[in-house]
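Below: the structure, in structure tokens.
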Protein chains: 2
Amino acid sequence: MGRRVRVAYLGPEGTFTHQAARLWTDRAATGADIVPCADVQGVHDTVAAGSAAVGVVAIESSVEGYVVPSLDALLASADVVAVDEVVLDITFDAFVRPGHGELVEATAHPHGLAQCRRFVEARGLAPVPAPSNAAACRDVGDHQVALGPPVAGELYGLETLARSVADFAGARTRFLVLDRRDRARDRLAVDAGRATTWRTMLAVTPTITGPGVLARVTDAFAVRDVNMSSLVTRPLKAREGQYVFVVTLDAAPWEPAVRDLFGDLLAAGDALKVLGAYAASPGEGGLDGALADEAPTGSVRAGDPEAVLAEGLLW
Amino acid sequence: MGRRVRVAYLGPEGTFTHQAARLWTDRAATGADIVPCADVQGVHDTVAAGSAAVGVVAIESSVEGYVVPSLDALLASADVVAVDEVVLDITFDAFVRPGHGELVEATAHPHGLAQCRRFVEARGLAPVPAPSNAAACRDVGDHQVALGPPVAGELYGLETLARSVADFAGARTRFLVLDRRDRARDRLAVDAGRATTWRTMLAVTPTITGPGVLARVTDAFAVRDVNMSSLVTRPLKAREGQYVFVVTLDAAPWEPAVRDLFGDLLAAGDALKVLGAYAASPGEGGLDGALADEAPTGSVRAGDPEAVLAEGLLW
């Protein structure tokens with residue numbers, strides 16, 4: 001491509017999102033000015049105003065699930081839609097200021113603190129949330145350990161206390177690349193010829209209900225043989241106790257089966273909004289395929305003794 | 001009842017969780033010592049060790065959705081299960097220290113900051129996350145506005161700058177009351193005679209898969225006529241890209257239809273874990289009933305012009 005583009009991302013410099021924005025421009029072989037925004041809404045506003053070609057925000061962590069502010073911003077936006085995704089391996093290092101004092105606190109974004117809980121507890125540090133991992137590194141006090149991406153320690157001149165301190169190795173975070181909705185179909189038309197595996201992120205708001213509304217919606221997918229790789233119910237902010245379903249489908253919105261599915265849902269009275277369509281990042285799996293023989297501690301299975309079933313199921 | 005019990009909660013004093021713990025003990029007419037814990041795991045550990053009769057943690061906000069650390073702690077725990085729920089109306093007031101300086105920052109728990117975003121932006125304040133809303137009030141600086149429950153301002157001797165500053169009036173948060181799993185059935189047996197509307201929170205981990213695993217699971221609910229009021233997919237921490245479904249059912253685990261459903265899921269090879277069973281709090285609705293004619297901005301409906309459908313659906 002070679003065109004120089006502006007890419008907005010959730011800053012400050014040195015965040016995982018910064019790293020994701022760089023990876024996207026490298027992949028697109030696009031010369032780019034990568035500019036930080038103060039919050040998710042700022043990324044949306046910059047893209048909607050046309051001041052940046054695309055915006056990059058984190059949407060889902062393999063450890064922490066959906067990033068709710070990013071999801072809600074997409075749900076609320078009339079102008080901005082996801083057109084690509086980037087997946088990053090997440091590794092946290094522990095940094096300290098040169099010449100630091102006694103270390104009594106650990107600071108990071110709340111997701112970072114959650115992902116490094118064992119390290120924080122083992123060292124007896126009090127967790128102190130920061131607006132971002134990079135901000136934690138930039139602003140780390142003499143009595144604090146900052147947890148963040150390897151690049152952040154270097155960027156802010158810190159010493160590395162320990163490497164790879166997250167509880168679970170192999171954590172990954174998925175980022176969405178946002179564009180204006182009125183340009184999205186043109187962009188996707190170009191990509192459609194290149195990529196083979198597509199994902200569509202869809203908001204389904206049921207308006208005609210009764211018992212089993214969720215079963216009705218998931219049935220509609222099964223009928224058209226469209227696979228979901230995730231589903232969450234999110235509250236409709238305007239109405240407490242009422243929900244919108246956010247579904248990720250393993251197909252593109254223009255595929256015949258998906259068009260049929262959308263037609264079925266519309267006919268059933270559901271309001272629909274495609275939140276994004278993008279070529280699946282290599283290595284990103286859905287729910288299909290062999291799942292591991294693992295389950296949360298305390299789960300029970302067929303064949304367990306009756307007393308074990310009773311305790312696990314509270315029946 | 002009248003027995004004096006220890007109730008652990010996610011502190012410090014003055015959090016919404018503190019308020020929820022008080023409400024629960026008032027409702028149970030139980031004399032209680034209400035003791036704060038430093039984090040969600042601390043509440044679990046205190047309950048598991050028998051040092052408190054029950055623990056109280058926030059689980060879901062009508063604005064922000066599930067409280068992921070609380071949900072994951074329940075998924076990970078072999079010993080602790082939810083046996084009751086408390087629902088609170090959430091109102092945020094804005095507090096300042098007497099004799100404060102120029103106000104340039106707003107501080108609260110990240111969920112509190114998210115719920116008061118318009119107020120924070122309108123005043124041009126920089127958001128600064130705190131471990132809890134109460135901690136934000138306790139530790140508020142001379143240049144900061146703290147956002148928190150009405151009770152917290154009073155508790156920490158602050159002046160009220162503005163009342164009811166949340167973006168959406170009517171926000172509510174749901175709290176779970178935790179007990180030891182090995183005592184839960186005895187406790188629930190007592191409640192079962194009193195309450196009529198039950199909820200069960202269930203973790204379903206599919207181990208035999210193929211296309212449409214989510215449709216298979218939701219179908220199983222429809223077959224037994226058991227209604228779900230929410231469903232989220234959560235990543236299995238041990239295995240990236242693999243998921244557990246967390247479902248809330250509108251029934252008790254010992255009801256015949258639910259026992260049949262659990263039997264069906266077990267027979268299909270799913271691992272199951274009941275995370276909680278509790279009498280539904282008055283006024284808590286599920287997905288059933290008339291949903292409002294509202295949907296996220298940019299949603300499309302049957303009958304919209306083709307161009308509107310095309311832009312909304314990206315097809």
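Each chain of the structure tokens is named A, B, ... in the order shown, its residues numbered from 1; ligands are numbered from 1 in display order.
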DSSP helix (DSSP H, G or I) selection over stretch 110-260 of chain A, as a short mmCIF file (atom, residue, chain, number, x, y, z; two decimals) with all heavy atoms, in the first residue's frame:
```cif
data_model
loop_
_atom_site.label_atom_id
_atom_site.label_comp_id
_atom_site.auth_asym_id
_atom_site.auth_seq_id
_atom_site.Cartn_x
_atom_site.Cartn_y
_atom_site.Cartn_z
N PRO A 110 -6.03 -2.43 36.13
CA PRO A 110 -6.69 -3.50 36.90
C PRO A 110 -6.58 -4.88 36.24
O PRO A 110 -6.40 -5.88 36.92
CB PRO A 110 -8.14 -3.01 36.99
CG PRO A 110 -8.03 -1.52 36.95
CD PRO A 110 -6.87 -1.21 36.04
N HIS A 111 -6.65 -4.93 34.91
CA HIS A 111 -6.47 -6.22 34.22
C HIS A 111 -5.05 -6.75 34.41
O HIS A 111 -4.84 -7.96 34.56
CB HIS A 111 -6.78 -6.09 32.73
CG HIS A 111 -8.24 -6.11 32.43
ND1 HIS A 111 -8.75 -6.27 31.17
CD2 HIS A 111 -9.32 -6.02 33.25
CE1 HIS A 111 -10.07 -6.25 31.22
NE2 HIS A 111 -10.44 -6.10 32.46
N GLY A 112 -4.07 -5.87 34.40
CA GLY A 112 -2.68 -6.27 34.62
C GLY A 112 -2.48 -6.81 36.03
O GLY A 112 -1.86 -7.85 36.23
N LEU A 113 -3.05 -6.11 37.01
CA LEU A 113 -2.97 -6.59 38.40
C LEU A 113 -3.62 -7.96 38.53
O LEU A 113 -3.09 -8.85 39.20
CB LEU A 113 -3.65 -5.59 39.35
CG LEU A 113 -2.92 -4.25 39.55
CD1 LEU A 113 -3.82 -3.26 40.27
CD2 LEU A 113 -1.61 -4.45 40.31
N ALA A 114 -4.76 -8.15 37.85
CA ALA A 114 -5.47 -9.43 37.92
C ALA A 114 -4.63 -10.55 37.29
O ALA A 114 -4.62 -11.68 37.77
CB ALA A 114 -6.83 -9.33 37.23
N GLN A 115 -3.93 -10.22 36.22
CA GLN A 115 -3.16 -11.24 35.51
C GLN A 115 -1.86 -11.60 36.22
O GLN A 115 -1.24 -12.61 35.90
CB GLN A 115 -2.89 -10.80 34.07
CG GLN A 115 -4.17 -10.75 33.23
CD GLN A 115 -3.93 -10.41 31.77
OE1 GLN A 115 -2.92 -10.79 31.21
NE2 GLN A 115 -4.86 -9.69 31.17
N ARG A 117 -1.63 -11.66 39.74
CA ARG A 117 -2.01 -11.70 41.15
C ARG A 117 -1.06 -12.51 42.02
O ARG A 117 -0.71 -12.12 43.12
CB ARG A 117 -3.45 -12.23 41.28
CG ARG A 117 -4.12 -11.89 42.59
CD ARG A 117 -5.62 -12.16 42.55
NE ARG A 117 -5.92 -13.54 42.27
CZ ARG A 117 -5.91 -14.51 43.19
NH1 ARG A 117 -5.61 -14.23 44.46
NH2 ARG A 117 -6.20 -15.74 42.86
N ARG A 118 -0.62 -13.66 41.49
CA ARG A 118 0.26 -14.51 42.31
C ARG A 118 1.57 -13.82 42.63
O ARG A 118 2.05 -13.87 43.75
CB ARG A 118 0.54 -15.83 41.57
CG ARG A 118 -0.66 -16.74 41.55
CD ARG A 118 -0.29 -18.09 40.94
NE ARG A 118 -1.48 -18.80 40.49
CZ ARG A 118 -1.49 -19.73 39.55
NH1 ARG A 118 -0.34 -20.08 38.95
NH2 ARG A 118 -2.60 -20.32 39.20
N PHE A 119 2.15 -13.17 41.64
CA PHE A 119 3.41 -12.44 41.86
C PHE A 119 3.21 -11.36 42.91
O PHE A 119 4.02 -11.19 43.83
CB PHE A 119 3.89 -11.82 40.54
CG PHE A 119 5.08 -10.91 40.67
CD1 PHE A 119 6.37 -11.42 40.67
CD2 PHE A 119 4.90 -9.53 40.81
CE1 PHE A 119 7.46 -10.57 40.80
CE2 PHE A 119 5.98 -8.68 40.94
CZ PHE A 119 7.27 -9.20 40.94
N VAL A 120 2.11 -10.61 42.79
CA VAL A 120 1.83 -9.49 43.70
C VAL A 120 1.65 -10.02 45.12
O VAL A 120 2.20 -9.46 46.08
CB VAL A 120 0.59 -8.71 43.22
CG1 VAL A 120 0.15 -7.68 44.26
CG2 VAL A 120 0.86 -8.05 41.87
N GLU A 121 0.92 -11.13 45.24
CA GLU A 121 0.67 -11.70 46.57
C GLU A 121 1.93 -12.31 47.17
O GLU A 121 2.20 -12.14 48.36
CB GLU A 121 -0.43 -12.77 46.50
CG GLU A 121 -1.80 -12.14 46.34
CD GLU A 121 -2.92 -13.18 46.36
OE1 GLU A 121 -2.61 -14.39 46.45
OE2 GLU A 121 -4.09 -12.76 46.28
N ALA A 122 2.70 -13.01 46.34
CA ALA A 122 3.91 -13.68 46.84
C ALA A 122 4.89 -12.67 47.41
O ALA A 122 5.62 -12.95 48.37
CB ALA A 122 4.56 -14.50 45.72
N ASN A 133 -1.21 0.11 31.92
CA ASN A 133 0.06 -0.46 32.35
C ASN A 133 1.21 0.49 32.04
O ASN A 133 2.17 0.61 32.80
CB ASN A 133 0.28 -1.81 31.68
CG ASN A 133 -0.79 -2.80 32.09
OD1 ASN A 133 -1.04 -2.99 33.27
ND2 ASN A 133 -1.45 -3.40 31.11
N ALA A 134 1.10 1.16 30.89
CA ALA A 134 2.16 2.08 30.52
C ALA A 134 2.20 3.27 31.47
O ALA A 134 3.28 3.71 31.89
CB ALA A 134 1.97 2.56 29.08
N ALA A 135 1.03 3.78 31.85
CA ALA A 135 0.98 4.88 32.81
C ALA A 135 1.58 4.44 34.15
O ALA A 135 2.26 5.21 34.82
CB ALA A 135 -0.46 5.37 32.99
N ALA A 136 1.32 3.18 34.52
CA ALA A 136 1.90 2.65 35.76
C ALA A 136 3.42 2.69 35.69
O ALA A 136 4.10 3.08 36.65
CB ALA A 136 1.42 1.22 36.00
N CYS A 137 3.97 2.31 34.53
CA CYS A 137 5.43 2.32 34.35
C CYS A 137 5.96 3.76 34.34
O CYS A 137 6.98 4.06 34.95
CB CYS A 137 5.81 1.60 33.06
SG CYS A 137 5.48 -0.18 33.13
N ARG A 138 5.25 4.62 33.63
CA ARG A 138 5.69 6.03 33.52
C ARG A 138 5.70 6.70 34.90
O ARG A 138 6.62 7.43 35.23
CB ARG A 138 4.71 6.78 32.60
CG ARG A 138 5.09 8.21 32.29
CD ARG A 138 3.93 8.92 31.61
NE ARG A 138 2.73 8.92 32.47
CZ ARG A 138 1.50 9.11 32.04
NH1 ARG A 138 1.26 9.29 30.75
NH2 ARG A 138 0.48 9.10 32.89
N PRO A 150 7.08 -5.47 28.14
CA PRO A 150 8.54 -5.29 28.09
C PRO A 150 8.94 -3.92 27.55
O PRO A 150 9.83 -3.27 28.10
CB PRO A 150 8.99 -6.43 27.17
CG PRO A 150 7.97 -7.50 27.39
CD PRO A 150 6.68 -6.80 27.67
N VAL A 151 8.24 -3.44 26.50
CA VAL A 151 8.63 -2.19 25.86
C VAL A 151 8.49 -0.99 26.79
O VAL A 151 9.23 -0.01 26.68
CB VAL A 151 7.81 -1.97 24.56
CG1 VAL A 151 6.33 -1.78 24.86
CG2 VAL A 151 8.35 -0.83 23.74
N ALA A 152 7.56 -1.07 27.74
CA ALA A 152 7.29 0.09 28.59
C ALA A 152 8.44 0.38 29.55
O ALA A 152 8.75 1.54 29.83
CB ALA A 152 5.99 -0.12 29.38
N GLY A 153 9.08 -0.68 30.05
CA GLY A 153 10.20 -0.49 30.97
C GLY A 153 11.33 0.27 30.30
O GLY A 153 11.90 1.22 30.85
N GLU A 154 11.63 -0.14 29.10
CA GLU A 154 12.66 0.50 28.30
C GLU A 154 12.30 1.96 28.01
O GLU A 154 13.10 2.88 28.20
CB GLU A 154 12.78 -0.28 26.98
CG GLU A 154 13.87 0.13 26.05
CD GLU A 154 13.63 -0.50 24.67
OE1 GLU A 154 13.18 -1.67 24.63
OE2 GLU A 154 13.88 0.16 23.66
N LEU A 155 11.04 2.15 27.59
CA LEU A 155 10.56 3.48 27.21
C LEU A 155 10.69 4.47 28.36
O LEU A 155 11.00 5.65 28.14
CB LEU A 155 9.08 3.35 26.79
CG LEU A 155 8.42 4.52 26.10
CD1 LEU A 155 9.10 4.81 24.77
CD2 LEU A 155 6.94 4.19 25.86
N ARG A 181 -18.05 3.59 9.64
CA ARG A 181 -19.01 2.65 9.08
C ARG A 181 -19.26 2.93 7.60
O ARG A 181 -19.40 2.01 6.81
CB ARG A 181 -20.33 2.70 9.87
CG ARG A 181 -21.38 1.70 9.45
CD ARG A 181 -22.60 1.73 10.36
NE ARG A 181 -22.35 1.09 11.64
CZ ARG A 181 -22.51 -0.21 11.86
NH1 ARG A 181 -22.90 -1.02 10.89
NH2 ARG A 181 -22.26 -0.72 13.04
N ASP A 182 -19.28 4.22 7.23
CA ASP A 182 -19.62 4.54 5.82
C ASP A 182 -18.47 4.20 4.86
O ASP A 182 -18.65 4.23 3.65
CB ASP A 182 -20.08 6.00 5.67
CG ASP A 182 -19.04 7.00 6.14
OD1 ASP A 182 -17.88 6.59 6.42
OD2 ASP A 182 -19.36 8.20 6.23
N ARG A 183 -17.29 3.90 5.39
CA ARG A 183 -16.18 3.47 4.53
C ARG A 183 -15.92 1.97 4.64
O ARG A 183 -15.09 1.42 3.91
CB ARG A 183 -14.87 4.17 4.95
CG ARG A 183 -14.85 5.64 4.71
CD ARG A 183 -13.43 6.18 4.82
NE ARG A 183 -12.87 5.99 6.16
CZ ARG A 183 -12.16 6.92 6.79
NH1 ARG A 183 -11.92 8.09 6.21
NH2 ARG A 183 -11.66 6.70 7.98
N ALA A 184 -16.58 1.33 5.62
CA ALA A 184 -16.17 -0.04 5.99
C ALA A 184 -16.39 -1.03 4.86
O ALA A 184 -15.54 -1.89 4.60
CB ALA A 184 -16.93 -0.48 7.25
N ARG A 185 -17.52 -0.90 4.14
CA ARG A 185 -17.78 -1.92 3.12
C ARG A 185 -16.77 -1.85 1.97
O ARG A 185 -16.37 -2.87 1.43
CB ARG A 185 -19.24 -1.83 2.63
CG ARG A 185 -20.18 -2.55 3.62
CD ARG A 185 -21.60 -2.61 3.11
NE ARG A 185 -22.08 -1.26 2.90
CZ ARG A 185 -23.04 -0.93 2.05
NH1 ARG A 185 -23.60 -1.87 1.30
NH2 ARG A 185 -23.44 0.32 1.94
N ASP A 186 -16.32 -0.63 1.65
CA ASP A 186 -15.29 -0.51 0.61
C ASP A 186 -13.99 -1.17 1.06
O ASP A 186 -13.35 -1.90 0.31
CB ASP A 186 -15.01 0.97 0.30
CG ASP A 186 -16.17 1.60 -0.46
OD1 ASP A 186 -17.00 0.84 -1.02
OD2 ASP A 186 -16.27 2.85 -0.49
N ARG A 187 -13.61 -0.92 2.30
CA ARG A 187 -12.38 -1.53 2.82
C ARG A 187 -12.50 -3.06 2.85
O ARG A 187 -11.58 -3.78 2.45
CB ARG A 187 -12.08 -1.01 4.22
CG ARG A 187 -10.80 -1.58 4.81
CD ARG A 187 -10.64 -1.20 6.28
NE ARG A 187 -10.32 0.20 6.50
CZ ARG A 187 -9.08 0.70 6.50
NH1 ARG A 187 -8.05 -0.10 6.27
NH2 ARG A 187 -8.86 1.97 6.74
N LEU A 188 -13.65 -3.55 3.32
CA LEU A 188 -13.83 -4.99 3.45
C LEU A 188 -13.89 -5.66 2.08
O LEU A 188 -13.44 -6.80 1.92
CB LEU A 188 -15.10 -5.30 4.26
CG LEU A 188 -15.02 -4.89 5.74
CD1 LEU A 188 -16.39 -5.02 6.40
CD2 LEU A 188 -14.00 -5.73 6.49
N ALA A 189 -14.43 -4.94 1.09
CA ALA A 189 -14.50 -5.51 -0.27
C ALA A 189 -13.09 -5.83 -0.78
O ALA A 189 -12.88 -6.83 -1.47
CB ALA A 189 -15.21 -4.54 -1.20
N VAL A 190 -12.13 -4.98 -0.43
CA VAL A 190 -10.74 -5.22 -0.82
C VAL A 190 -10.20 -6.46 -0.11
O VAL A 190 -9.61 -7.35 -0.72
CB VAL A 190 -9.85 -3.99 -0.50
CG1 VAL A 190 -8.39 -4.29 -0.80
CG2 VAL A 190 -10.34 -2.77 -1.29
N ASP A 191 -10.43 -6.53 1.21
CA ASP A 191 -9.93 -7.65 2.01
C ASP A 191 -10.62 -8.97 1.65
O ASP A 191 -10.03 -10.04 1.80
CB ASP A 191 -10.15 -7.39 3.51
CG ASP A 191 -9.22 -6.30 4.03
OD1 ASP A 191 -8.32 -5.88 3.26
OD2 ASP A 191 -9.40 -5.88 5.18
N ALA A 192 -11.88 -8.87 1.22
CA ALA A 192 -12.69 -10.09 1.02
C ALA A 192 -12.03 -11.04 0.03
O ALA A 192 -12.16 -12.26 0.14
CB ALA A 192 -14.09 -9.73 0.56
N VAL A 213 -36.04 -16.84 25.00
CA VAL A 213 -35.61 -15.94 23.93
C VAL A 213 -34.17 -16.25 23.51
O VAL A 213 -33.84 -16.23 22.32
CB VAL A 213 -35.78 -14.45 24.33
CG1 VAL A 213 -35.03 -14.11 25.60
CG2 VAL A 213 -35.34 -13.53 23.21
N LEU A 214 -33.32 -16.58 24.48
CA LEU A 214 -31.92 -16.87 24.15
C LEU A 214 -31.81 -18.16 23.34
O LEU A 214 -31.04 -18.24 22.38
CB LEU A 214 -31.12 -16.98 25.46
CG LEU A 214 -29.62 -17.00 25.38
CD1 LEU A 214 -29.07 -15.86 24.55
CD2 LEU A 214 -29.05 -16.90 26.81
N ALA A 215 -32.63 -19.16 23.69
CA ALA A 215 -32.65 -20.41 22.92
C ALA A 215 -33.15 -20.15 21.50
O ALA A 215 -32.63 -20.72 20.54
CB ALA A 215 -33.52 -21.46 23.62
N ARG A 216 -34.14 -19.27 21.36
CA ARG A 216 -34.64 -18.94 20.02
C ARG A 216 -33.52 -18.35 19.17
O ARG A 216 -33.34 -18.73 18.00
CB ARG A 216 -35.82 -17.96 20.11
CG ARG A 216 -36.29 -17.49 18.73
CD ARG A 216 -37.42 -16.47 18.77
NE ARG A 216 -37.08 -15.20 19.38
CZ ARG A 216 -36.30 -14.27 18.82
NH1 ARG A 216 -35.74 -14.47 17.64
NH2 ARG A 216 -36.05 -13.14 19.46
N VAL A 217 -32.77 -17.42 19.75
CA VAL A 217 -31.70 -16.76 18.98
C VAL A 217 -30.60 -17.75 18.62
O VAL A 217 -30.16 -17.81 17.47
CB VAL A 217 -31.14 -15.55 19.77
CG1 VAL A 217 -29.89 -15.00 19.11
CG2 VAL A 217 -32.22 -14.46 19.89
N THR A 218 -30.16 -18.56 19.59
CA THR A 218 -29.09 -19.51 19.26
C THR A 218 -29.58 -20.58 18.29
O THR A 218 -28.83 -21.05 17.44
CB THR A 218 -28.50 -20.16 20.52
OG1 THR A 218 -29.54 -20.79 21.26
CG2 THR A 218 -27.81 -19.13 21.40
N ASP A 219 -30.86 -20.96 18.39
CA ASP A 219 -31.45 -21.88 17.42
C ASP A 219 -31.38 -21.33 16.00
O ASP A 219 -31.13 -22.07 15.05
CB ASP A 219 -32.93 -22.12 17.75
CG ASP A 219 -33.13 -23.41 18.53
OD1 ASP A 219 -32.11 -24.11 18.77
OD2 ASP A 219 -34.27 -23.71 18.89
N ALA A 220 -31.65 -20.04 15.88
CA ALA A 220 -31.63 -19.42 14.55
C ALA A 220 -30.25 -19.61 13.90
O ALA A 220 -30.15 -19.85 12.69
CB ALA A 220 -31.98 -17.94 14.65
N PHE A 221 -29.20 -19.55 14.72
CA PHE A 221 -27.85 -19.77 14.20
C PHE A 221 -27.67 -21.21 13.76
O PHE A 221 -27.09 -21.50 12.71
CB PHE A 221 -26.80 -19.40 15.25
CG PHE A 221 -26.60 -17.93 15.40
CD1 PHE A 221 -27.52 -17.15 16.08
CD2 PHE A 221 -25.50 -17.31 14.85
CE1 PHE A 221 -27.36 -15.79 16.21
CE2 PHE A 221 -25.32 -15.94 14.97
CZ PHE A 221 -26.25 -15.18 15.66
N ALA A 222 -28.17 -22.14 14.61
CA ALA A 222 -28.02 -23.56 14.29
C ALA A 222 -28.75 -23.91 13.00
O ALA A 222 -28.25 -24.67 12.16
CB ALA A 222 -28.52 -24.41 15.47
N VAL A 223 -29.95 -23.35 12.83
CA VAL A 223 -30.77 -23.64 11.63
C VAL A 223 -30.00 -23.28 10.36
O VAL A 223 -30.06 -24.00 9.36
CB VAL A 223 -32.11 -22.86 11.71
CG1 VAL A 223 -32.79 -22.80 10.34
CG2 VAL A 223 -33.03 -23.50 12.75
N PRO A 256 -23.93 -16.14 2.06
CA PRO A 256 -25.37 -16.42 1.94
C PRO A 256 -26.01 -16.93 3.22
O PRO A 256 -27.11 -16.47 3.58
CB PRO A 256 -25.41 -17.48 0.82
CG PRO A 256 -24.18 -17.22 0.00
CD PRO A 256 -23.14 -16.73 0.96
N ALA A 257 -25.34 -17.83 3.94
CA ALA A 257 -25.95 -18.38 5.16
C ALA A 257 -26.15 -17.29 6.21
O ALA A 257 -27.13 -17.30 6.96
CB ALA A 257 -25.07 -19.50 5.72
N VAL A 258 -25.20 -16.34 6.25
CA VAL A 258 -25.30 -15.26 7.24
C VAL A 258 -26.42 -14.29 6.84
O VAL A 258 -27.20 -13.84 7.68
CB VAL A 258 -23.95 -14.54 7.41
CG1 VAL A 258 -24.07 -13.36 8.37
CG2 VAL A 258 -22.89 -15.52 7.90
N ARG A 259 -26.51 -14.00 5.54
CA ARG A 259 -27.61 -13.14 5.07
C ARG A 259 -28.96 -13.78 5.39
O ARG A 259 -29.90 -13.10 5.81
CB ARG A 259 -27.49 -12.87 3.56
CG ARG A 259 -26.31 -11.99 3.20
CD ARG A 259 -26.31 -11.65 1.72
NE ARG A 259 -27.46 -10.85 1.34
CZ ARG A 259 -27.39 -9.60 0.87
NH1 ARG A 259 -26.22 -9.01 0.71
NH2 ARG A 259 -28.48 -8.95 0.56
N ASP A 260 -29.05 -15.10 5.20
CA ASP A 260 -30.29 -15.80 5.55
C ASP A 260 -30.58 -15.70 7.05
O ASP A 260 -31.70 -15.44 7.46
CB ASP A 260 -30.19 -17.28 5.15
CG ASP A 260 -30.23 -17.47 3.63
OD1 ASP A 260 -30.63 -16.53 2.91
OD2 ASP A 260 -29.84 -18.56 3.17
#
```
field: Contacts of B:Val232 at 7 Å (only C-alpha atoms; same-chain gap of 6+ positions) as a ChimeraX atom specification
entry: /A:231-233 /B:245-247
Save the residues we just selected, all heavy atoms, as a PDB file, in the first residue's frame?
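Saved the output as result-v1.pdb:
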```
ATOM      1  N   LEU A 231     -20.651 -15.569  22.884  1.00  0.00           N
ATOM      2  CA  LEU A 231     -21.914 -14.874  23.117  1.00  0.00           C
ATOM      3  C   LEU A 231     -21.859 -14.283  24.514  1.00  0.00           C
ATOM      4  O   LEU A 231     -21.479 -14.966  25.459  1.00  0.00           O
ATOM      5  CB  LEU A 231     -23.093 -15.841  23.005  1.00  0.00           C
ATOM      6  CG  LEU A 231     -24.499 -15.222  23.122  1.00  0.00           C
ATOM      7  CD1 LEU A 231     -25.513 -16.052  22.348  1.00  0.00           C
ATOM      8  CD2 LEU A 231     -24.968 -15.095  24.560  1.00  0.00           C
ATOM      9  N   VAL A 232     -22.192 -13.017  24.630  1.00  0.00           N
ATOM     10  CA  VAL A 232     -22.375 -12.420  25.952  1.00  0.00           C
ATOM     11  C   VAL A 232     -23.697 -11.669  25.964  1.00  0.00           C
ATOM     12  O   VAL A 232     -24.125 -11.127  24.948  1.00  0.00           O
ATOM     13  CB  VAL A 232     -21.250 -11.437  26.363  1.00  0.00           C
ATOM     14  CG1 VAL A 232     -19.947 -12.164  26.599  1.00  0.00           C
ATOM     15  CG2 VAL A 232     -21.077 -10.327  25.339  1.00  0.00           C
ATOM     16  N   THR A 233     -24.342 -11.658  27.117  1.00  0.00           N
ATOM     17  CA  THR A 233     -25.498 -10.790  27.298  1.00  0.00           C
ATOM     18  C   THR A 233     -24.996  -9.521  27.965  1.00  0.00           C
ATOM     19  O   THR A 233     -24.263  -9.570  28.942  1.00  0.00           O
ATOM     20  CB  THR A 233     -26.570 -11.460  28.180  1.00  0.00           C
ATOM     21  OG1 THR A 233     -25.959 -11.952  29.371  1.00  0.00           O
ATOM     22  CG2 THR A 233     -27.195 -12.633  27.465  1.00  0.00           C
TER      23      THR A 233
ATOM     24  N   PHE B 245     -19.186 -21.739  29.729  1.00  0.00           N
ATOM     25  CA  PHE B 245     -20.395 -20.930  29.674  1.00  0.00           C
ATOM     26  C   PHE B 245     -20.912 -20.730  31.090  1.00  0.00           C
ATOM     27  O   PHE B 245     -21.069 -21.691  31.830  1.00  0.00           O
ATOM     28  CB  PHE B 245     -21.493 -21.628  28.862  1.00  0.00           C
ATOM     29  CG  PHE B 245     -21.053 -22.046  27.488  1.00  0.00           C
ATOM     30  CD1 PHE B 245     -21.313 -23.318  27.018  1.00  0.00           C
ATOM     31  CD2 PHE B 245     -20.361 -21.168  26.661  1.00  0.00           C
ATOM     32  CE1 PHE B 245     -20.899 -23.711  25.743  1.00  0.00           C
ATOM     33  CE2 PHE B 245     -19.949 -21.551  25.392  1.00  0.00           C
ATOM     34  CZ  PHE B 245     -20.215 -22.829  24.935  1.00  0.00           C
ATOM     35  N   VAL B 246     -21.164 -19.480  31.448  1.00  0.00           N
ATOM     36  CA  VAL B 246     -21.769 -19.189  32.747  1.00  0.00           C
ATOM     37  C   VAL B 246     -23.208 -18.753  32.486  1.00  0.00           C
ATOM     38  O   VAL B 246     -23.452 -17.745  31.835  1.00  0.00           O
ATOM     39  CB  VAL B 246     -20.994 -18.103  33.502  1.00  0.00           C
ATOM     40  CG1 VAL B 246     -21.674 -17.799  34.830  1.00  0.00           C
ATOM     41  CG2 VAL B 246     -19.549 -18.544  33.728  1.00  0.00           C
ATOM     42  N   VAL B 247     -24.133 -19.556  32.982  1.00  0.00           N
ATOM     43  CA  VAL B 247     -25.549 -19.386  32.686  1.00  0.00           C
ATOM     44  C   VAL B 247     -26.294 -19.132  33.979  1.00  0.00           C
ATOM     45  O   VAL B 247     -26.002 -19.760  35.001  1.00  0.00           O
ATOM     46  CB  VAL B 247     -26.118 -20.677  32.029  1.00  0.00           C
ATOM     47  CG1 VAL B 247     -27.561 -20.489  31.648  1.00  0.00           C
ATOM     48  CG2 VAL B 247     -25.275 -21.082  30.834  1.00  0.00           C
TER      49      VAL B 247
END
```
task: For A:Leu265, list every protein, DNA or RNA residue within 9 Å, evaluated using only C-alpha atoms, and leave out those in the same chain fewer than 3 positions away; present the list as a list in words.
output: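 Neighbouring residues, sequence-local ones excluded: Val204, Pro206, Val217, Ala220, Asp260, Leu261, Phe262, Ala268, Gly269, Asp270, Ala271 and Leu272 of chain A; Ala302 of chain B.
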message: When you look at stretch 48-51 of chain B with a cut-off of 12 Å (counting only C-alpha atoms), what residues show up, excluding the ones that are within fewer than 4 positions of it in the same chain? I need them as JSON, numbers by chain.
response: {"B": [5, 6, 7, 8, 33, 34, 35, 37, 41, 42, 43, 44, 55, 74, 77, 78, 79, 80, 81, 178, 179, 180, 181, 182, 183, 184]}
